[in-house]
>>> print(open('run.cif').read())   # mmCIF, C-alpha atoms
data_data
loop_
_atom_site.label_atom_id
_atom_site.label_comp_id
_atom_site.auth_asym_id
_atom_site.auth_seq_id
_atom_site.Cartn_x
_atom_site.Cartn_y
_atom_site.Cartn_z
CA MET A 1 3.48 -9.19 29.09
CA ASN A 2 5.85 -11.68 27.48
CA SER A 3 7.12 -11.06 23.97
CA TYR A 4 4.62 -12.27 21.43
CA GLN A 5 7.03 -13.13 18.65
CA ASP A 6 6.61 -16.84 19.37
CA ILE A 7 2.80 -16.70 19.44
CA ASN A 8 0.76 -17.36 16.36
CA LYS A 9 0.56 -13.97 14.66
CA ILE A 10 -2.09 -13.39 12.01
CA THR A 11 -1.55 -10.60 9.49
CA VAL A 12 -4.45 -8.77 7.87
CA GLY A 13 -4.16 -7.34 4.35
CA VAL A 14 -6.27 -4.68 2.66
CA ALA A 15 -9.93 -5.70 2.23
CA ASP A 16 -9.33 -8.63 4.56
CA ILE A 17 -10.93 -10.13 7.67
CA LYS A 18 -9.18 -12.34 10.18
CA ILE A 19 -10.70 -13.85 13.34
CA GLY A 20 -9.02 -15.80 16.11
CA GLN A 21 -8.80 -16.66 19.78
CA SER A 22 -6.37 -16.40 22.66
CA PRO A 23 -3.38 -16.54 22.57
CA GLN A 24 -3.35 -15.45 18.93
CA VAL A 25 -2.40 -11.94 17.87
CA ILE A 26 -3.88 -10.14 14.86
CA GLU A 27 -1.96 -7.32 13.20
CA THR A 28 -2.20 -4.89 10.30
CA THR A 29 -0.72 -1.63 8.98
CA LEU A 30 -2.92 1.31 8.13
CA GLY A 31 -2.91 4.62 6.26
CA SER A 32 -6.24 6.03 5.14
CA CYS A 33 -7.77 2.59 5.56
CA VAL A 34 -9.57 1.83 8.83
CA ALA A 35 -9.26 -1.26 11.01
CA VAL A 36 -12.21 -2.30 13.14
CA CYS A 37 -11.29 -4.68 15.97
CA LEU A 38 -14.02 -6.62 17.77
CA TYR A 39 -13.39 -8.50 21.01
CA ALA A 40 -15.46 -10.67 23.37
CA ALA A 41 -13.65 -10.78 26.70
CA ALA A 42 -15.60 -13.66 28.22
CA ARG A 43 -14.44 -16.03 25.48
CA GLN A 44 -11.18 -14.25 24.56
CA VAL A 45 -12.09 -14.23 20.88
CA GLY A 46 -12.09 -11.47 18.33
CA GLY A 47 -11.32 -10.28 14.87
CA MET A 48 -10.09 -7.46 12.71
CA VAL A 49 -11.26 -6.12 9.39
CA HIS A 50 -9.16 -3.79 7.21
CA ILE A 51 -11.52 -1.45 5.36
CA MET A 52 -10.40 0.42 2.24
CA MET A 53 -13.50 2.30 1.08
CA PRO A 54 -16.63 3.58 2.82
CA TYR A 55 -19.53 2.29 0.76
CA ALA A 56 -20.53 -0.11 -1.96
CA ASP A 57 -23.91 -1.20 -3.19
CA GLU A 58 -24.39 -4.33 -1.07
CA ASN A 59 -25.82 -6.28 -3.98
CA SER A 60 -23.15 -5.29 -6.48
CA SER A 61 -20.64 -7.84 -7.69
CA LYS A 62 -17.77 -5.79 -6.30
CA ALA A 63 -19.23 -5.86 -2.78
CA GLN A 64 -19.98 -9.57 -3.07
CA GLY A 65 -16.47 -10.27 -4.30
CA LYS A 66 -14.66 -8.41 -1.52
CA LYS A 67 -17.02 -7.72 1.38
CA ALA A 68 -14.18 -6.64 3.65
CA LYS A 69 -13.23 -3.80 1.31
CA TYR A 70 -16.23 -1.55 2.02
CA ALA A 71 -17.29 -0.45 5.50
CA ASN A 72 -20.98 -1.09 4.93
CA THR A 73 -20.34 -4.74 4.02
CA ALA A 74 -17.13 -5.31 6.01
CA VAL A 75 -18.46 -4.73 9.51
CA PRO A 76 -21.54 -6.94 9.04
CA GLU A 77 -19.28 -9.65 7.57
CA LEU A 78 -16.88 -9.46 10.53
CA VAL A 79 -19.81 -9.73 12.94
CA ARG A 80 -21.25 -12.64 10.95
CA GLN A 81 -17.97 -14.56 10.92
CA LEU A 82 -17.43 -14.06 14.66
CA THR A 83 -20.96 -14.92 15.72
CA SER A 84 -21.23 -17.98 13.47
CA HIS A 85 -17.73 -19.33 14.19
CA PHE A 86 -17.74 -18.84 17.94
CA GLY A 87 -21.48 -19.01 18.63
CA ILE A 88 -21.55 -15.68 20.46
CA ASP A 89 -24.16 -12.98 20.08
CA SER A 90 -22.93 -9.63 18.70
CA HIS A 91 -23.81 -7.75 21.90
CA HIS A 92 -20.92 -9.51 23.66
CA PHE A 93 -18.39 -7.67 21.51
CA VAL A 94 -16.75 -4.30 22.01
CA ALA A 95 -15.02 -2.38 19.24
CA LYS A 96 -11.84 -0.40 18.75
CA ILE A 97 -11.18 1.66 15.60
CA PHE A 98 -7.86 2.75 14.09
CA GLY A 99 -6.46 4.41 10.99
CA GLY A 100 -8.39 6.79 8.77
CA GLY A 101 -5.35 9.01 8.26
CA ARG A 102 -4.58 11.42 5.47
CA ILE A 103 -1.18 10.33 4.15
CA LEU A 104 -1.06 11.94 0.70
CA LYS A 105 -1.37 15.73 0.58
CA ASP A 106 -2.36 15.74 -3.08
CA PHE A 107 -5.23 13.35 -2.66
CA THR A 108 -8.16 15.74 -2.35
CA LEU A 109 -10.74 13.23 -1.18
CA ASN A 110 -10.34 12.64 2.57
CA ILE A 111 -11.07 8.95 2.25
CA GLY A 112 -9.74 8.24 5.75
CA GLU A 113 -12.42 10.37 7.37
CA LEU A 114 -15.12 8.83 5.17
CA ASN A 115 -13.95 5.33 6.11
CA GLU A 116 -14.04 6.15 9.81
CA THR A 117 -17.52 7.67 9.61
CA ALA A 118 -18.87 4.70 7.69
CA ALA A 119 -17.31 2.19 10.12
CA ARG A 120 -18.74 4.00 13.15
CA GLU A 121 -22.16 4.07 11.51
CA GLN A 122 -22.09 0.32 10.97
CA LEU A 123 -21.05 -0.39 14.57
CA LYS A 124 -23.86 1.84 15.80
CA ASN A 125 -26.32 -0.18 13.66
CA PHE A 126 -25.22 -3.33 15.50
CA GLY A 127 -25.29 -1.63 18.89
CA ILE A 128 -21.60 -2.44 19.42
CA LYS A 129 -19.87 -0.02 21.77
CA ILE A 130 -16.62 1.64 20.66
CA VAL A 131 -14.33 1.58 23.69
CA ALA A 132 -11.15 2.98 22.11
CA SER A 133 -10.03 4.65 18.91
CA LYS A 134 -7.01 6.33 17.40
CA THR A 135 -7.77 7.84 14.01
CA GLY A 136 -6.73 10.66 11.72
CA GLY A 137 -3.23 12.08 11.50
CA ASN A 138 -0.87 12.08 8.53
CA LYS A 139 1.28 9.04 9.26
CA GLY A 140 0.61 5.33 9.08
CA CYS A 141 0.05 3.16 12.10
CA ARG A 142 0.64 -0.46 12.98
CA VAL A 143 -2.16 -2.05 15.00
CA THR A 144 -1.83 -5.26 16.99
CA LEU A 145 -4.81 -6.92 18.72
CA PHE A 146 -3.90 -9.30 21.54
CA LEU A 147 -6.69 -11.85 21.90
CA GLU A 148 -5.57 -12.90 25.36
CA THR A 149 -6.68 -9.56 26.79
CA GLY A 150 -8.34 -7.54 24.03
CA MET A 151 -5.61 -4.94 24.33
CA VAL A 152 -4.57 -3.20 21.13
CA VAL A 153 -1.11 -1.75 20.66
CA CYS A 154 -1.10 1.10 18.18
CA GLN A 155 2.19 2.47 16.91
CA ARG A 156 2.10 5.58 14.80
CA PHE A 157 5.04 5.79 12.34
CA GLY A 158 7.87 7.64 14.03
CA GLY A 159 6.02 7.74 17.35
CA PRO A 160 5.75 5.68 20.53
CA SER A 161 3.54 2.61 20.99
CA GLU A 162 0.26 3.17 22.75
CA GLU A 163 -1.67 0.46 24.55
CA MET A 164 -5.41 0.88 24.17
CA MET B 165 -12.14 -4.23 -17.64
CA LEU B 166 -10.51 -4.85 -21.02
CA ASN B 167 -8.35 -7.89 -21.76
CA GLU B 168 -6.31 -7.99 -18.54
CA PRO B 169 -3.35 -10.10 -19.78
CA LYS B 170 -2.90 -7.73 -22.74
CA ILE B 171 -3.02 -4.67 -20.50
CA ASN B 172 -0.46 -6.13 -18.15
CA ARG B 173 1.78 -7.12 -21.05
CA ALA B 174 1.65 -3.56 -22.33
CA ILE B 175 2.47 -2.15 -18.89
CA LYS B 176 5.40 -4.55 -18.47
CA LEU B 177 6.70 -3.59 -21.89
CA VAL B 178 6.44 0.13 -21.15
CA ALA B 179 8.05 -0.36 -17.75
CA LYS B 180 10.91 -2.41 -19.20
CA ILE B 181 11.70 0.18 -21.87
CA SER B 182 11.38 2.99 -19.31
CA ILE B 183 13.70 1.27 -16.87
CA ASP B 184 16.31 0.86 -19.61
CA LYS B 185 16.13 4.58 -20.39
CA ALA B 186 16.10 5.54 -16.71
CA SER B 187 19.25 3.45 -16.18
CA GLN B 188 21.12 5.63 -18.66
CA VAL B 189 19.97 8.85 -17.01
CA PHE B 190 20.76 7.55 -13.53
CA SER B 191 24.25 6.46 -14.59
CA LYS B 192 24.97 9.94 -15.97
CA LEU B 193 23.63 11.51 -12.79
CA ILE B 194 25.88 9.60 -10.41
CA LYS B 195 28.76 9.52 -12.93
CA THR B 196 29.26 5.81 -12.51
CA GLY B 197 27.94 2.62 -14.01
CA ALA B 198 24.47 1.81 -12.79
CA ARG B 199 21.85 -0.54 -14.04
CA ILE B 200 18.20 -0.73 -13.13
CA GLU B 201 16.81 -4.15 -13.88
CA MET B 202 13.25 -5.40 -13.72
CA GLU B 203 13.53 -8.65 -11.81
CA ASP B 204 9.95 -9.81 -11.66
CA ALA B 205 6.48 -8.77 -12.75
CA PHE B 206 3.34 -10.56 -11.66
CA LEU B 207 -0.35 -9.99 -11.10
CA ALA B 208 -1.43 -10.16 -7.46
CA ASP B 209 -4.68 -9.96 -5.53
CA ILE B 210 -4.66 -6.79 -3.38
CA THR B 211 -5.51 -8.67 -0.20
CA SER B 212 -2.85 -11.34 -0.49
CA ILE B 213 -0.13 -8.94 -1.63
CA THR B 214 -0.88 -6.42 1.13
CA GLU B 215 -0.96 -9.22 3.69
CA ARG B 216 2.55 -10.14 2.56
CA VAL B 217 3.66 -6.49 2.54
CA ASN B 218 2.17 -5.86 6.01
CA ARG B 219 4.22 -8.75 7.40
CA GLU B 220 7.43 -6.94 6.39
CA ASN B 221 8.83 -4.78 9.10
CA THR B 222 10.27 -2.26 6.64
CA ASN B 223 10.16 1.51 6.62
CA VAL B 224 10.33 2.97 3.14
CA VAL B 225 10.45 6.20 1.21
CA GLY B 226 8.02 6.37 -1.68
CA ALA B 227 7.59 8.79 -4.57
CA PHE B 228 4.02 9.11 -5.88
CA VAL B 229 3.64 10.57 -9.38
CA ASP B 230 0.61 11.31 -11.53
CA LEU B 231 1.17 10.88 -15.27
CA THR B 232 -1.45 12.85 -17.18
CA GLY B 233 -2.18 13.63 -20.79
CA GLU B 234 -3.77 11.61 -23.55
CA VAL B 235 -3.65 8.70 -21.09
CA ASN B 236 -3.54 8.80 -17.31
CA PHE B 237 -1.46 6.70 -14.97
CA LYS B 238 -0.51 6.59 -11.33
CA PHE B 239 3.07 5.66 -10.55
CA LEU B 240 4.79 4.68 -7.30
CA PHE B 241 8.44 3.97 -6.67
CA HIS B 242 9.71 3.04 -3.19
CA VAL B 243 12.95 1.97 -1.51
CA PRO B 244 13.83 1.02 2.08
CA ILE B 245 14.86 4.03 4.16
CA GLN B 246 18.43 2.78 4.54
CA ASP B 247 18.78 2.60 0.77
CA SER B 248 17.40 6.12 0.33
CA MET B 249 20.38 7.35 2.35
CA LEU B 250 22.71 5.33 0.13
CA LEU B 251 21.08 6.83 -2.96
CA ALA B 252 21.56 10.31 -1.49
CA ASP B 253 25.28 9.64 -1.05
CA LEU B 254 25.57 8.35 -4.61
CA MET B 255 23.70 11.30 -6.11
CA LEU B 256 25.64 13.83 -4.08
CA ARG B 257 28.84 11.96 -4.94
CA ARG B 258 29.72 11.49 -1.28
CA GLU B 259 31.32 8.45 0.26
CA VAL B 260 28.68 5.75 0.76
CA GLY B 261 27.72 5.74 4.44
CA THR B 262 28.00 9.51 4.87
CA THR B 263 24.26 9.98 5.28
CA LYS B 264 23.41 8.35 8.59
CA GLU B 265 19.79 9.27 9.04
CA PHE B 266 16.82 10.02 6.82
CA ASP B 267 17.00 13.69 5.95
CA VAL B 268 16.02 16.15 3.24
CA TYR B 269 18.78 14.84 0.96
CA ALA B 270 17.54 11.26 1.18
CA ALA B 271 13.99 12.43 0.49
CA SER B 272 15.24 14.47 -2.47
CA ALA B 273 17.15 11.48 -3.81
CA VAL B 274 13.98 9.39 -3.92
CA GLN B 275 12.05 12.31 -5.38
CA GLU B 276 14.66 12.72 -8.12
CA ILE B 277 14.66 9.03 -9.00
CA GLY B 278 10.87 9.09 -9.04
CA ASN B 279 11.16 12.00 -11.49
CA ILE B 280 13.69 10.14 -13.64
CA LEU B 281 11.54 7.01 -13.84
CA ALA B 282 8.30 8.90 -14.45
CA SER B 283 9.95 11.05 -17.13
CA ALA B 284 11.33 7.91 -18.75
CA ILE B 285 7.83 6.44 -18.85
CA SER B 286 6.46 9.66 -20.39
CA GLY B 287 9.31 9.58 -22.88
CA VAL B 288 8.50 6.02 -23.92
CA PHE B 289 4.87 6.88 -24.58
CA SER B 290 5.79 10.00 -26.51
CA SER B 291 8.75 8.74 -28.57
CA ASP B 292 7.74 5.11 -29.08
CA PHE B 293 3.96 5.43 -29.31
CA SER B 294 3.36 9.16 -30.05
CA ILE B 295 1.16 9.50 -26.98
CA ASP B 296 1.44 12.73 -25.01
CA LEU B 297 2.02 12.22 -21.27
CA HIS B 298 3.40 14.49 -18.53
CA PRO B 299 4.50 13.67 -14.99
CA THR B 300 3.56 15.83 -12.02
CA PRO B 301 6.19 16.58 -9.35
CA PRO B 302 6.50 13.53 -7.08
CA GLU B 303 5.02 13.55 -3.60
CA VAL B 304 7.49 11.85 -1.26
CA VAL B 305 6.22 9.87 1.71
CA ASN B 306 8.32 8.26 4.44
CA ASP B 307 6.30 5.60 6.28
CA TYR B 308 5.67 1.90 6.86
CA VAL B 309 5.85 -0.05 3.59
CA GLY B 310 2.27 -1.28 4.18
CA THR B 311 1.02 2.28 4.52
CA VAL B 312 2.79 3.55 1.39
CA PHE B 313 1.59 0.67 -0.73
CA GLN B 314 -2.02 0.81 0.37
CA GLU B 315 -2.17 4.57 -0.18
CA PHE B 316 -1.17 3.94 -3.77
CA LEU B 317 -3.94 1.37 -4.10
CA VAL B 318 -6.51 3.73 -2.59
CA SER B 319 -5.47 6.71 -4.74
CA ALA B 320 -4.88 4.80 -7.95
CA ALA B 321 -7.12 1.81 -8.00
CA PRO B 322 -9.95 1.83 -5.47
CA GLU B 323 -12.14 -0.30 -7.72
CA ARG B 324 -9.49 -2.88 -8.55
CA ASN B 325 -9.01 -6.15 -6.70
CA ASP B 326 -5.69 -7.00 -8.33
CA ILE B 327 -2.55 -5.12 -9.28
CA LEU B 328 0.54 -5.68 -11.42
CA ILE B 329 3.62 -5.79 -9.20
CA MET B 330 7.00 -4.92 -10.72
CA GLU B 331 10.08 -5.58 -8.62
CA SER B 332 13.29 -3.94 -9.76
CA CYS B 333 16.82 -3.72 -8.56
CA PHE B 334 19.35 -0.90 -8.86
CA HIS B 335 22.81 -2.35 -9.36
CA VAL B 336 25.26 0.41 -8.50
CA ILE B 337 28.97 -0.45 -8.19
CA LYS B 338 29.01 -2.87 -5.24
CA ASN B 339 25.54 -2.01 -4.00
CA ASP B 340 22.30 -3.73 -4.92
CA ILE B 341 19.32 -1.60 -3.97
CA ARG B 342 16.03 -3.44 -4.06
CA CYS B 343 13.14 -1.24 -5.01
CA HIS B 344 9.58 -1.61 -6.16
CA MET B 345 7.64 0.28 -8.76
CA TYR B 346 4.01 0.19 -9.76
CA LEU B 347 2.27 1.68 -12.76
CA LEU B 348 -1.51 1.70 -12.94
CA PRO B 349 -3.60 2.87 -15.90
CA LEU B 350 -6.66 4.94 -15.08
CA GLY B 351 -9.96 5.05 -16.91
CA GLU B 352 -9.73 4.99 -20.69
CA SER B 353 -5.99 4.45 -20.62
CA GLU B 354 -6.50 0.70 -20.79
CA LYS B 355 -7.86 1.06 -24.34
CA VAL B 356 -4.67 2.83 -25.34
CA LEU B 357 -2.55 0.10 -23.79
CA SER B 358 -4.56 -2.52 -25.59
CA TYR B 359 -3.99 -0.61 -28.84
CA ILE B 360 -0.23 -0.48 -28.12
CA ILE B 361 0.05 -4.22 -27.62
CA ASN B 362 -2.12 -4.94 -30.68
CA THR B 363 0.12 -2.91 -32.92
CA MET B 364 3.40 -4.49 -31.75
#
>>> encode(input="run.cif", output="structure tokens")
Amino acid sequence: MNSYQDINKITVGVADIKIGQSPQVIETTLGSCVAVCLYAAARQVGGMVHIMMPYADENSSKAQGKKAKYANTAVPELVRQLTSHFGIDSHHFVAKIFGGGRILKDFTLNIGELNETAAREQLKNFGIKIVASKTGGNKGCRVTLFLETGMVVCQRFGGPSEEM
Amino acid sequence: MLNEPKINRAIKLVAKISIDKASQVFSKLIKTGARIEMEDAFLADITSITERVNRENTNVVGAFVDLTGEVNFKFLFHVPIQDSMLLADLMLRREVGTTKEFDVYAASAVQEIGNILASAISGVFSSDFSIDLHPTPPEVVNDYVGTVFQEFLVSAAPERNDILIMESCFHVIKNDIRCHMYLLPLGESEKVLSYIINTM
């Protein structure tokens, strides 16, 4: 594959959703947060959401203010944005999940694991199949979704890149 | 949340005084003139600031400290990995450039500076405002800058959607080391900060 530095690269922050289409590339960096990537191969479109916390009361002001922050509002919002923007039904998408690590030893709550569980639960509710994942660990990872192919490159800090 | 501008003003004030005190300690430690200067302080939305941070291709070393007592804070200080090696050389009084890869000395250098800054903050609360505060030993993390920063947000401020960013610079002889520090009040601490700014 050619270098993607000259292609339009979209960066995702914490509690953020970005969608796009080929040949765009969507990227984020993770720790205990979880990234859910959705991709529809037939149309070469997809998106990424960067989830910080597992649950919020869906009707609370905090969930309404930042839907992408909480897994139980983030995944439905990503699906909604993709289906409404591209006019594709959710069953055309496949998912890949990343992150959910435990970076700080002193942080007793394993928020990464909780985020991953909550994200998986939401994807199951939509009937979206998870075709790849790389979660856990104690180092951050950089995740890049290539919308030309749906491939995700995951690079753990200090480790090699993996294509998934 | 209590009056946000007042809280942030109080935090900036505490940070500024702490940095001044930390400068003195740091200078004595490396036996040469050094100045830590706060260059900028601004309130940022967590999504937009982390989007900016995630675009940086920087690996950093961060020191995470809990400040506990009559008030509670979370504190983070981080520098690029290359600069952590420079700091190690300065603190060990070796020729700059001696440390060529991130090692236990570079990690210790960041841990020590995290200690110095956190102790300075505790000192400001105790001597200037008679508020008891103690730092825990720093936890040092070497990782992507995006990872380090978001872990601070998750551990310190999961319910917040914005954060006060403080960008500082260590001026040491001919070297300028750009670093970042963040100080977040937890729980009832905001009332104390509001009280501090009201009485000034």
>>> interface_residues(input="run.cif", of="chain B", to="chain A", cutoff="6 Å", atoms="only C-alpha atoms", output="list in words")
Thr211, Thr214, Glu215, Asn218, Gly310 and Thr311 of chain B
>>> residues_near_point(input="run.cif", point="(-6.2, -6.0, 17.0)", cutoff="12 Å", atoms="only C-alpha atoms", output="ChimeraX atom specification")
/A:9-12,17-22,24-30,34-39,45-50,94-98,132-133,142-155,163-164
>>> atom_distance(input="run.cif", atom1="CA of Tyr55 (chain A)", atom2="CA of Lys67 (chain A)")
10.3 Å
>>> resolve_selection(input="run.cif", expression="the PyMOL selection byres ((chain B and resi 248) around 8)", output="ChimeraX atom specification")
/B:225,243-247,249-252,266,270-271,273-274
>>> residues_around(input="run.cif", residues="Gly278 (chain B)", least_positions_apart="5", cutoff="9 Å", atoms="all atoms listed in the file", output="PyMOL selection string")
chain B and resi 226-229+239-242+273+283+301-302+304
>>> closest_residue(input="run.cif", among="A:Ala56, A:Val79, A:Ile51, A:Val131", to="Ala119 (chain A)", atoms="all atoms listed in the file")
A:Ile51
>>> atom_distance(input="run.cif", atom1="CA of Asp340 (chain B)", atom2="CA of Gly197 (chain B)")
12.4 Å
>>> atom_distance(input="run.cif", atom1="CA of Val268 (chain B)", atom2="CA of Asn223 (chain B)")
16.1 Å
>>> residues_near_point(input="run.cif", point="(25.7, -0.9, -7.4)", cutoff="12 Å", atoms="all atoms listed in the file", output="NGL selection string")
:B and (187 or 190-191 or 194 or 196-201 or 247 or 250-251 or 254 or 260 or 333-342)
>>> axis_aligned_box(input="run.cif", around="region 202-220 of chain B", padding_each_side="5 Å", output="lines of an AutoDock Vina configuration file")
center_x = 4.0
center_y = -8.4
center_z = -3.2
size_x = 29.0
size_y = 15.9
size_z = 31.1
>>> closest_residue(input="run.cif", among="B:Leu317, B:Ser272, B:Pro299, B:Asn172", to="Leu207 (chain B)", atoms="only C-alpha atoms")
B:Asn172
>>> closest_residue(input="run.cif", among="A:His85, A:Pro76, A:Phe93, A:Glu162", to="Ile130 (chain A)", atoms="all atoms listed in the file")
A:Phe93
>>> closest_residue(input="run.cif", among="B:Val178, B:Leu193, B:Leu348, B:Ala282", to="Arg257 (chain B)", atoms="only C-alpha atoms")
B:Leu193
>>> closest_residue(input="run.cif", among="A:Gly159, A:Pro54, A:Pro23, A:Gly112", to="Gln314 (chain B)", atoms="all atoms listed in the file")
A:Gly112
>>> residues_around(input="run.cif", residues="Gln122 (chain A)", least_positions_apart="3", cutoff="7 Å", atoms="all atoms listed in the file", output="PyMOL selection string")
chain A and resi 72+75+118-119+125-126
>>> write_last_selection(input="run.cif", atoms="C-alpha atoms", output="compact mmCIF listing (two decimals), keeping the file's coordinate frame")
# COMPACT_ATOMS: atom_id res chain seq x y z
CA ASN A 72 -20.98 -1.09 4.93
CA VAL A 75 -18.46 -4.73 9.51
CA ALA A 118 -18.87 4.70 7.69
CA ALA A 119 -17.31 2.19 10.12
CA ASN A 125 -26.32 -0.18 13.66
CA PHE A 126 -25.22 -3.33 15.50
